[in-house]
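J.: You'll find final-v6.txt just under this line, and it carries compact mmCIF, C-alpha atoms (C1' of nucleotides).
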```
# COMPACT_ATOMS: atom_id res chain seq x y z
CA MET A 922 6.01 -2.00 36.42
CA LYS A 923 2.28 -2.11 36.74
CA SER A 924 2.59 0.32 39.61
CA ALA A 925 1.63 3.96 39.28
CA ALA A 926 4.24 5.95 37.36
CA GLN A 927 4.60 9.34 35.77
CA TYR A 928 5.43 7.90 32.40
CA LEU A 929 3.74 5.46 30.09
CA THR A 930 5.35 2.40 28.60
CA ILE A 931 5.04 1.78 24.92
CA GLY A 932 2.58 -1.02 25.60
CA ARG A 933 0.34 1.30 27.52
CA VAL A 934 0.49 3.95 24.82
CA ALA A 935 -0.35 1.36 22.21
CA GLN A 936 -3.27 0.03 24.21
CA ASP A 937 -4.66 3.47 25.00
CA SER A 938 -4.37 4.50 21.37
CA GLY A 939 -5.90 1.34 19.99
CA VAL A 940 -2.88 0.28 17.96
CA GLY A 941 -0.08 -2.22 18.27
CA VAL A 942 3.25 -1.62 19.93
CA GLU A 943 4.99 -1.99 16.59
CA THR A 944 2.90 0.79 15.17
CA VAL A 945 4.02 3.20 17.87
CA ARG A 946 7.64 2.45 17.06
CA PHE A 947 6.87 2.77 13.39
CA TYR A 948 5.37 6.21 13.87
CA GLU A 949 8.43 7.21 15.82
CA ARG A 950 10.68 6.13 12.97
CA GLU A 951 8.49 8.08 10.57
CA GLY A 952 8.70 11.17 12.71
CA LEU A 953 5.02 11.35 13.54
CA ILE A 954 5.62 11.29 17.25
CA GLU A 955 8.65 12.52 19.13
CA ARG A 956 11.24 10.09 20.33
CA PRO A 957 10.65 9.75 24.02
CA GLU A 958 13.05 9.86 26.89
CA ARG A 959 15.23 6.78 27.18
CA PRO A 960 16.62 5.84 30.56
CA PRO A 961 19.65 3.54 30.63
CA SER A 962 17.40 0.51 30.39
CA GLY A 963 16.52 1.58 26.89
CA TYR A 964 12.80 1.50 27.59
CA ARG A 965 10.78 4.32 26.10
CA HIS A 966 9.18 6.60 28.65
CA TYR A 967 6.22 8.48 27.26
CA GLU A 968 4.30 11.35 28.67
CA PRO A 969 0.53 11.00 28.46
CA GLY A 970 0.08 13.61 25.73
CA VAL A 971 1.39 11.20 23.15
CA VAL A 972 -1.81 9.17 23.34
CA ARG A 973 -3.74 12.15 22.11
CA ARG A 974 -1.40 12.53 19.24
CA MET A 975 -1.66 8.86 18.40
CA ARG A 976 -5.41 9.10 18.36
CA PHE A 977 -5.28 12.13 16.16
CA ILE A 978 -3.14 10.22 13.70
CA GLN A 979 -5.59 7.32 13.64
CA HIS A 980 -8.45 9.65 13.08
CA ALA A 981 -6.81 11.63 10.33
CA LYS A 982 -5.85 8.41 8.62
CA GLY A 983 -9.50 7.46 8.60
CA LEU A 984 -10.17 10.67 6.73
CA GLY A 985 -7.90 9.65 3.93
CA PHE A 986 -4.83 11.62 4.88
CA SER A 987 -1.55 9.85 4.28
CA LEU A 988 1.00 9.66 7.04
CA HIS A 989 3.01 12.20 5.13
CA GLU A 990 0.10 14.61 5.07
CA ILE A 991 -0.57 13.97 8.72
CA ALA A 992 3.00 14.84 9.50
CA GLU A 993 2.41 18.10 7.65
CA LEU A 994 -0.76 18.74 9.57
CA LEU A 995 1.01 18.12 12.83
CA SER A 996 3.90 20.32 11.89
CA LEU A 997 1.60 23.26 11.27
CA ARG A 998 1.49 23.79 14.96
CA VAL A 999 5.18 24.19 15.34
CA ALA A 1000 5.41 27.60 13.77
CA PRO A 1001 8.19 28.96 15.93
CA ASP A 1002 8.37 32.50 14.68
CA GLY A 1003 7.69 34.41 11.54
CA THR A 1004 6.36 31.72 9.23
CA CYS A 1005 2.82 32.30 10.37
CA ALA A 1006 1.63 33.24 6.91
CA ALA A 1007 3.09 30.07 5.46
CA VAL A 1008 1.44 28.00 8.12
CA GLN A 1009 -1.86 29.63 7.42
CA ALA A 1010 -1.47 29.04 3.72
CA ARG A 1011 -0.94 25.33 4.30
CA ALA A 1012 -3.94 25.16 6.57
CA LEU A 1013 -6.09 26.93 4.01
CA SER A 1014 -4.89 24.61 1.31
CA LYS A 1015 -5.89 21.61 3.40
CA ILE A 1016 -9.24 23.24 3.98
CA ARG A 1017 -9.72 23.56 0.25
CA ASP A 1018 -8.87 19.89 -0.19
CA ILE A 1019 -11.39 18.97 2.45
CA GLU A 1020 -14.11 21.09 0.92
CA VAL A 1021 -13.59 19.54 -2.46
CA LYS A 1022 -13.82 16.10 -0.92
CA MET A 1023 -16.98 16.99 0.94
CA ALA A 1024 -18.62 18.32 -2.18
CA ALA A 1025 -17.85 15.11 -4.00
CA LEU A 1026 -19.14 13.03 -1.13
CA ARG A 1027 -22.36 15.03 -1.12
CA LYS A 1028 -22.82 14.29 -4.79
CA MET A 1029 -22.21 10.64 -4.24
CA ARG A 1030 -24.66 10.61 -1.38
CA ARG A 1031 -27.33 12.26 -3.49
CA ALA A 1032 -26.76 9.72 -6.21
CA LEU A 1033 -27.16 6.89 -3.77
CA LEU A 1034 -30.31 8.45 -2.41
CA ARG A 1035 -31.73 8.68 -5.89
CA LEU A 1036 -30.78 5.09 -6.44
CA SER A 1037 -32.52 3.94 -3.33
CA GLU A 1038 -35.60 5.96 -4.23
CA ALA A 1039 -35.64 4.47 -7.68
CA CYS A 1040 -35.60 1.16 -5.97
CA ALA A 1041 -38.61 1.99 -3.89
CA GLY A 1042 -40.47 3.27 -6.93
CA PRO A 1043 -41.79 1.31 -9.85
CA GLY A 1044 -38.30 1.47 -11.30
CA PRO A 1045 -38.09 -0.48 -14.49
CA ALA A 1046 -34.75 -0.03 -16.09
CA SER A 1047 -31.37 -0.32 -14.60
CA GLU A 1048 -29.24 2.68 -15.44
CA CYS A 1049 -26.64 3.30 -12.84
CA PRO A 1050 -26.99 6.78 -11.43
CA ILE A 1051 -23.87 6.71 -9.35
CA LEU A 1052 -21.63 7.06 -12.33
CA GLU A 1053 -23.30 10.37 -13.00
CA ALA A 1054 -22.28 11.65 -9.65
CA LEU A 1055 -18.71 12.79 -9.88
CA ASP A 1056 -18.98 12.93 -13.61
CA GLN A 1057 -17.11 15.80 -15.08
CA GLU A 1058 -14.22 16.67 -17.28
CA SER A 1059 -11.19 14.55 -16.67
CA PRO A 1060 -10.09 14.77 -13.07
CA ARG A 1061 -6.72 15.97 -14.21
CA ALA A 1062 -6.41 17.36 -10.72
CA ARG A 1063 -3.01 16.63 -9.34
CA HIS A 1064 -2.61 14.04 -6.68
CA MET B 454 -5.24 2.64 -35.98
CA LYS B 455 -5.64 6.35 -35.49
CA SER B 456 -8.65 6.22 -37.79
CA ALA B 457 -12.21 6.53 -36.56
CA ALA B 458 -13.51 3.32 -35.06
CA GLN B 459 -16.46 2.15 -33.03
CA TYR B 460 -14.31 0.79 -30.30
CA LEU B 461 -11.53 2.16 -28.16
CA THR B 462 -8.17 0.57 -27.72
CA ILE B 463 -6.78 0.15 -24.28
CA GLY B 464 -4.32 2.94 -24.91
CA ARG B 465 -7.12 5.30 -25.76
CA VAL B 466 -9.10 4.34 -22.70
CA ALA B 467 -6.06 4.85 -20.54
CA GLN B 468 -5.34 8.23 -22.04
CA ASP B 469 -8.92 9.43 -21.80
CA SER B 470 -9.12 8.28 -18.20
CA GLY B 471 -5.83 9.78 -17.17
CA VAL B 472 -4.20 6.52 -16.12
CA GLY B 473 -1.67 4.10 -17.56
CA VAL B 474 -2.46 1.13 -19.76
CA GLU B 475 -1.30 -1.21 -17.04
CA THR B 476 -3.81 0.27 -14.67
CA VAL B 477 -6.67 -0.47 -17.02
CA ARG B 478 -5.60 -4.10 -17.21
CA PHE B 479 -5.16 -4.13 -13.46
CA TYR B 480 -8.72 -2.92 -12.91
CA GLU B 481 -9.94 -5.56 -15.27
CA ARG B 482 -8.17 -8.24 -13.26
CA GLU B 483 -9.69 -6.80 -10.12
CA GLY B 484 -13.16 -6.87 -11.60
CA LEU B 485 -13.71 -3.12 -11.53
CA ILE B 486 -14.38 -2.94 -15.23
CA GLU B 487 -15.83 -5.59 -17.47
CA ARG B 488 -13.58 -7.65 -19.63
CA PRO B 489 -14.07 -6.26 -23.09
CA GLU B 490 -14.69 -7.99 -26.35
CA ARG B 491 -11.65 -9.76 -27.76
CA PRO B 492 -11.40 -10.31 -31.46
CA PRO B 493 -9.05 -13.04 -32.68
CA SER B 494 -6.14 -10.63 -32.55
CA GLY B 495 -6.47 -10.59 -28.79
CA TYR B 496 -6.71 -6.82 -28.63
CA ARG B 497 -9.23 -5.43 -26.19
CA HIS B 498 -12.10 -3.52 -27.79
CA TYR B 499 -13.76 -1.13 -25.42
CA GLU B 500 -16.95 0.76 -25.76
CA PRO B 501 -16.77 4.42 -24.80
CA GLY B 502 -18.74 4.06 -21.57
CA VAL B 503 -15.78 2.46 -19.88
CA VAL B 504 -13.99 5.79 -19.74
CA ARG B 505 -16.69 7.15 -17.52
CA ARG B 506 -16.37 4.21 -15.26
CA MET B 507 -12.62 4.62 -15.13
CA ARG B 508 -13.00 8.25 -14.19
CA PHE B 509 -15.49 7.37 -11.52
CA ILE B 510 -13.00 4.96 -10.04
CA GLN B 511 -10.25 7.58 -10.01
CA HIS B 512 -12.54 10.04 -8.40
CA ALA B 513 -13.84 7.70 -5.74
CA LYS B 514 -10.31 6.70 -4.93
CA GLY B 515 -9.55 10.33 -4.25
CA LEU B 516 -12.37 10.31 -1.73
CA GLY B 517 -10.73 7.57 0.25
CA PHE B 518 -12.70 4.58 -0.98
CA SER B 519 -10.73 1.41 -1.47
CA LEU B 520 -10.95 -0.46 -4.74
CA HIS B 521 -13.03 -3.03 -2.97
CA GLU B 522 -15.49 -0.42 -1.76
CA ILE B 523 -15.59 1.10 -5.22
CA ALA B 524 -16.45 -2.27 -6.67
CA GLU B 525 -19.31 -2.41 -4.23
CA LEU B 526 -20.48 1.04 -5.20
CA LEU B 527 -20.34 0.14 -8.86
CA SER B 528 -22.29 -3.02 -8.33
CA LEU B 529 -25.19 -1.04 -6.94
CA ARG B 530 -27.75 -0.63 -9.59
CA VAL B 531 -31.40 -1.24 -9.79
CA ALA B 532 -31.64 -4.91 -10.34
CA PRO B 533 -33.84 -6.01 -13.19
CA ASP B 534 -35.57 -8.61 -11.15
CA GLY B 535 -36.23 -8.96 -7.47
CA THR B 536 -33.49 -8.14 -4.97
CA CYS B 537 -34.58 -4.54 -4.83
CA ALA B 538 -34.73 -4.49 -1.10
CA ALA B 539 -31.20 -5.84 -0.86
CA VAL B 540 -29.86 -3.22 -3.21
CA GLN B 541 -31.60 -0.53 -1.29
CA ALA B 542 -30.18 -1.77 1.96
CA ARG B 543 -26.69 -1.72 0.55
CA ALA B 544 -27.19 1.77 -0.82
CA LEU B 545 -28.37 3.00 2.55
CA SER B 546 -25.39 1.44 4.21
CA LYS B 547 -23.06 3.23 1.80
CA ILE B 548 -24.89 6.44 2.53
CA ARG B 549 -24.17 5.95 6.18
CA ASP B 550 -20.49 5.42 5.43
CA ILE B 551 -20.43 8.60 3.44
CA GLU B 552 -22.12 10.58 6.15
CA VAL B 553 -19.59 9.39 8.68
CA LYS B 554 -16.81 10.49 6.39
CA MET B 555 -18.40 13.86 5.86
CA ALA B 556 -18.88 14.44 9.56
CA ALA B 557 -15.25 13.68 10.21
CA LEU B 558 -14.16 15.99 7.42
CA ARG B 559 -16.33 18.76 8.81
CA LYS B 560 -14.65 18.42 12.15
CA MET B 561 -11.25 18.50 10.60
CA ARG B 562 -12.18 21.55 8.60
CA ARG B 563 -13.39 23.38 11.67
CA ALA B 564 -10.18 22.58 13.46
CA LEU B 565 -8.12 23.87 10.57
CA LEU B 566 -10.21 27.02 10.41
CA ARG B 567 -9.60 27.67 14.05
CA LEU B 568 -5.93 27.11 13.52
CA SER B 569 -5.80 29.52 10.66
CA GLU B 570 -7.65 32.12 12.69
CA ALA B 571 -5.26 31.70 15.55
CA CYS B 572 -2.51 32.14 13.07
CA ALA B 573 -4.00 35.31 11.69
CA GLY B 574 -4.10 36.76 15.18
CA PRO B 575 -1.32 38.88 16.57
CA GLY B 576 0.13 36.41 19.03
CA PRO B 577 2.35 33.44 18.37
CA ALA B 578 0.67 30.33 17.04
CA SER B 579 0.15 29.29 20.65
CA GLU B 580 -1.36 26.00 21.55
CA CYS B 581 -2.29 23.44 18.96
CA PRO B 582 -5.97 23.51 18.09
CA ILE B 583 -5.64 20.67 15.66
CA LEU B 584 -4.96 18.11 18.30
CA GLU B 585 -8.02 19.23 20.16
CA ALA B 586 -10.23 18.49 17.25
CA LEU B 587 -10.95 14.87 16.69
CA ASP B 588 -9.98 14.24 20.25
CA GLN B 589 -12.30 11.73 21.67
CA GLU B 590 -12.63 8.12 22.56
CA SER B 591 -10.59 5.83 20.42
CA PRO B 592 -11.76 5.73 16.81
CA ARG B 593 -12.32 2.05 16.95
CA ALA B 594 -14.21 2.49 13.67
CA ARG B 595 -14.13 -0.51 11.44
CA HIS B 596 -12.47 -0.62 8.06
C1' DC C 82 5.76 -5.14 -47.23
C1' DT C 83 8.34 -2.71 -44.13
C1' DT C 84 8.39 0.05 -40.13
C1' DG C 85 7.01 2.21 -35.94
C1' DA C 86 3.43 2.54 -32.76
C1' DC C 87 0.58 -0.13 -30.41
C1' DT C 88 -0.93 -4.49 -27.93
C1' DC C 89 -0.45 -9.07 -25.68
C1' DC C 90 0.95 -11.86 -21.33
C1' DG C 91 3.62 -12.88 -17.41
C1' DT C 92 6.64 -11.74 -13.96
C1' DA C 93 8.87 -8.80 -11.16
C1' DC C 94 9.33 -4.77 -8.84
C1' DC C 95 7.82 -0.37 -6.16
C1' DC C 96 5.76 2.46 -2.29
C1' DC C 97 2.93 2.65 1.78
C1' DA C 98 1.55 1.30 6.18
C1' DC C 99 1.95 -1.85 8.86
C1' DT C 100 2.84 -6.76 11.26
C1' DA C 101 5.48 -10.63 12.67
C1' DC C 102 9.47 -12.89 14.09
C1' DA C 103 14.07 -13.91 16.32
C1' DG C 104 17.12 -13.40 19.81
C1' DG C 105 17.97 -11.03 23.25
C1' DG C 106 17.53 -7.61 27.93
C1' DT C 107 14.49 -5.49 31.98
C1' DT C 108 10.99 -5.32 35.67
C1' DC C 109 8.73 -6.76 39.43
C1' DA C 110 5.66 -9.73 42.22
C1' DT C 111 6.30 -13.79 44.64
C1' DA D 1107 16.28 -15.35 42.56
C1' DT D 1108 13.02 -16.88 39.43
C1' DG D 1109 9.58 -16.52 35.96
C1' DA D 1110 5.90 -14.17 33.52
C1' DA D 1111 5.23 -10.21 31.23
C1' DC D 1112 7.09 -6.73 29.36
C1' DC D 1113 10.65 -4.18 26.39
C1' DC D 1114 14.78 -3.74 22.94
C1' DT D 1115 16.80 -3.92 17.84
C1' DG D 1116 16.78 -5.55 13.38
C1' DT D 1117 15.07 -7.86 9.56
C1' DA D 1118 11.55 -9.85 6.87
C1' DG D 1119 6.89 -10.53 5.31
C1' DT D 1120 2.00 -8.80 4.13
C1' DG D 1121 -1.71 -6.56 1.42
C1' DG D 1122 -3.24 -2.79 -1.31
C1' DG D 1123 -2.54 -0.41 -5.43
C1' DG D 1124 -0.20 0.05 -8.87
C1' DT D 1125 4.33 0.41 -12.40
C1' DA D 1126 7.95 -1.45 -15.28
C1' DC D 1127 10.03 -4.80 -18.03
C1' DG D 1128 10.87 -8.45 -21.78
C1' DG D 1129 9.80 -10.81 -25.72
C1' DA D 1130 6.45 -11.49 -29.05
C1' DG D 1131 2.27 -10.49 -32.03
C1' DT D 1132 -0.80 -6.83 -34.62
C1' DC D 1133 -2.10 -2.70 -37.14
C1' DA D 1134 -2.04 0.72 -40.64
C1' DA D 1135 0.42 4.35 -43.12
C1' DG D 1136 3.88 4.98 -46.58
```
Please rewrite the model in this file as structure tokens.

T.:
Amino acid sequence: MKSAAQYLTIGRVAQDSGVGVETVRFYEREGLIERPERPPSGYRHYEPGVVRRMRFIQHAKGLGFSLHEIAELLSLRVAPDGTCAAVQARALSKIRDIEVKMAALRKMRRALLRLSEACAGPGPASECPILEALDQESPRARH
Amino acid sequence: MKSAAQYLTIGRVAQDSGVGVETVRFYEREGLIERPERPPSGYRHYEPGVVRRMRFIQHAKGLGFSLHEIAELLSLRVAPDGTCAAVQARALSKIRDIEVKMAALRKMRRALLRLSEACAGPGPASECPILEALDQESPRARH
DNA sequence: CTTGACTCCGTACCCCACTACAGGGTTCAT
DNA sequence: ATGAACCCTGTAGTGGGGTACGGAGTCAAG
């Protein structure tokens, strides 16, 4: 079935998304992508949009979101009616998470910059400045 | 042994770092913290600095670094002798990693902001702006 | 010197996110 | 109509990062 077709096979989806076939099935089981049409042959017939979704998942994973969180992110879109405020609240909460992460990463980056400068300088003694980054009262923060 | 002492027991370290005792031992096995002094009793005697290190590890984990990457971060310090250029190179490489992470987070944040604005609007949540963000050629990024 | 909290080590188990079979069925170019 | 290349289901195994025993030794307050 190499010939032109409206649908994509699972192999094609996997290839275009840069993952393995098994991963596509896995994401289906986990509810991250919809279960596609299934003709009598049993083969999955995907529409092209799923590749986008797959790529989004890969990308979000790279940002440290768990599959569970990604599912949440993806479900934000499906606000049928009414729950708009709730959807917005979840989005804002994710935004807060992201901002906290970015702030911490900035600190770590600064620490590394200082370290590399110390290196360039006459730097005698060893103290490790990266511990100081991110140093604050116990990160009792949940999760 | 509630009385004042120079050293910390593993239980104390765990408590002060917000993790379980087993986790402290686990990090020791993994080389993330030094193996502490061991008097004949076999009990681990920690100096207070380890708590800081433990907290750093927790924090870095929250930023999406793997334990292996964290070990690398922790090993970066101005070397007493020589190897300065190597340390600096590694620091700069970590800085690059961090900047990539931050850029991705910025994108995600923008997408979420757009979503939340769309949500705030009068209409239905309409099309999904989240999928549009981060939509680009396959994130073949290593790691 | 007992008692309860703490520690030791080793092994086993857990969740997550895949990844790899095994043993079949389907498609399609030749 | 055959064979390579694909797909199916189901189960099992992997690696990362812990978490939970079990059975025994240690510490210090009463």

J.: Report, in Å to a single decimal, how far apart atom CA of His498 of chain B and atom CA of Tyr460 of chain B are.

T.: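 Between these atoms lies a distance of 5.5 Å.
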
J.: Identify the residues within 10 Å of coordinate (1.9, 4.5, 0.8) (same frame as the file), considering all atoms listed in the file, and give the answer as a list in words.

T.: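 Within 10 Å of (1.9, 4.5, 0.8), the protein and nucleic acid residues are Ser987, Leu988 and His989 of chain A; DC96, DC97 and DA98 of chain C; DG1122 and DG1123 of chain D.
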
J.: If we count all atoms listed in the file, what is near Pro969 of chain A at a cut-off of 12 Å, once residues fewer than 6 positions away on the same chain are taken out, given as a list of chain:residue names?

T.: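 Once the adjacent positions are removed, what remains is A:Ala926, A:Gln927, A:Tyr928, A:Leu929, A:Thr930, A:Ile931, A:Arg933, A:Val934, A:Ala935, A:Asp937, A:Ser938, A:Pro957, A:Met975, A:Arg976.
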
J.: What does the structure give for the distance between atom CA of Ile1016 of chain A and atom CA of Glu949 of chain A, in Å to one decimal?

T.: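 Atom CA of Glu949 of chain A lies 26.6 Å from atom CA of Ile1016 of chain A.
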
J.: Enumerate, in order of chain and increasing residue number, the residues of chain A with an atom no farther than 9 Å from chain D, each with its shortest atom pair and distance in Å to one decimal, counting all atoms listed in the file, as JSON lines.

T.:
```
{"residue": "A:Met922", "atom": "CA", "partner": "D:DC1112", "partner_atom": "C1'", "distance": 8.6}
{"residue": "A:Thr930", "atom": "CA", "partner": "D:DC1113", "partner_atom": "C1'", "distance": 8.7}
{"residue": "A:Ile931", "atom": "CA", "partner": "D:DC1113", "partner_atom": "C1'", "distance": 8.3}
{"residue": "A:Gly932", "atom": "CA", "partner": "D:DC1112", "partner_atom": "C1'", "distance": 8.2}
{"residue": "A:Ser962", "atom": "CA", "partner": "D:DC1114", "partner_atom": "C1'", "distance": 9.0}
{"residue": "A:Gly963", "atom": "CA", "partner": "D:DC1114", "partner_atom": "C1'", "distance": 6.9}
{"residue": "A:Tyr964", "atom": "CA", "partner": "D:DC1113", "partner_atom": "C1'", "distance": 6.2}
{"residue": "A:Arg965", "atom": "CA", "partner": "D:DC1113", "partner_atom": "C1'", "distance": 8.5}
```

J.: Just need the residues of chain C within 12 Å of chain A, counting all atoms listed in the file, so spit them out as a VMD selection string.

T.: chain C and resid 97 to 101 106 to 110

J.: Quote the spacing between atom CA of Ile523 of chain B and atom CA of Lys982 of chain A in Å to one decimal place.

T.: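 Going from atom CA of Ile523 of chain B over to atom CA of Lys982 of chain A covers 18.4 Å.
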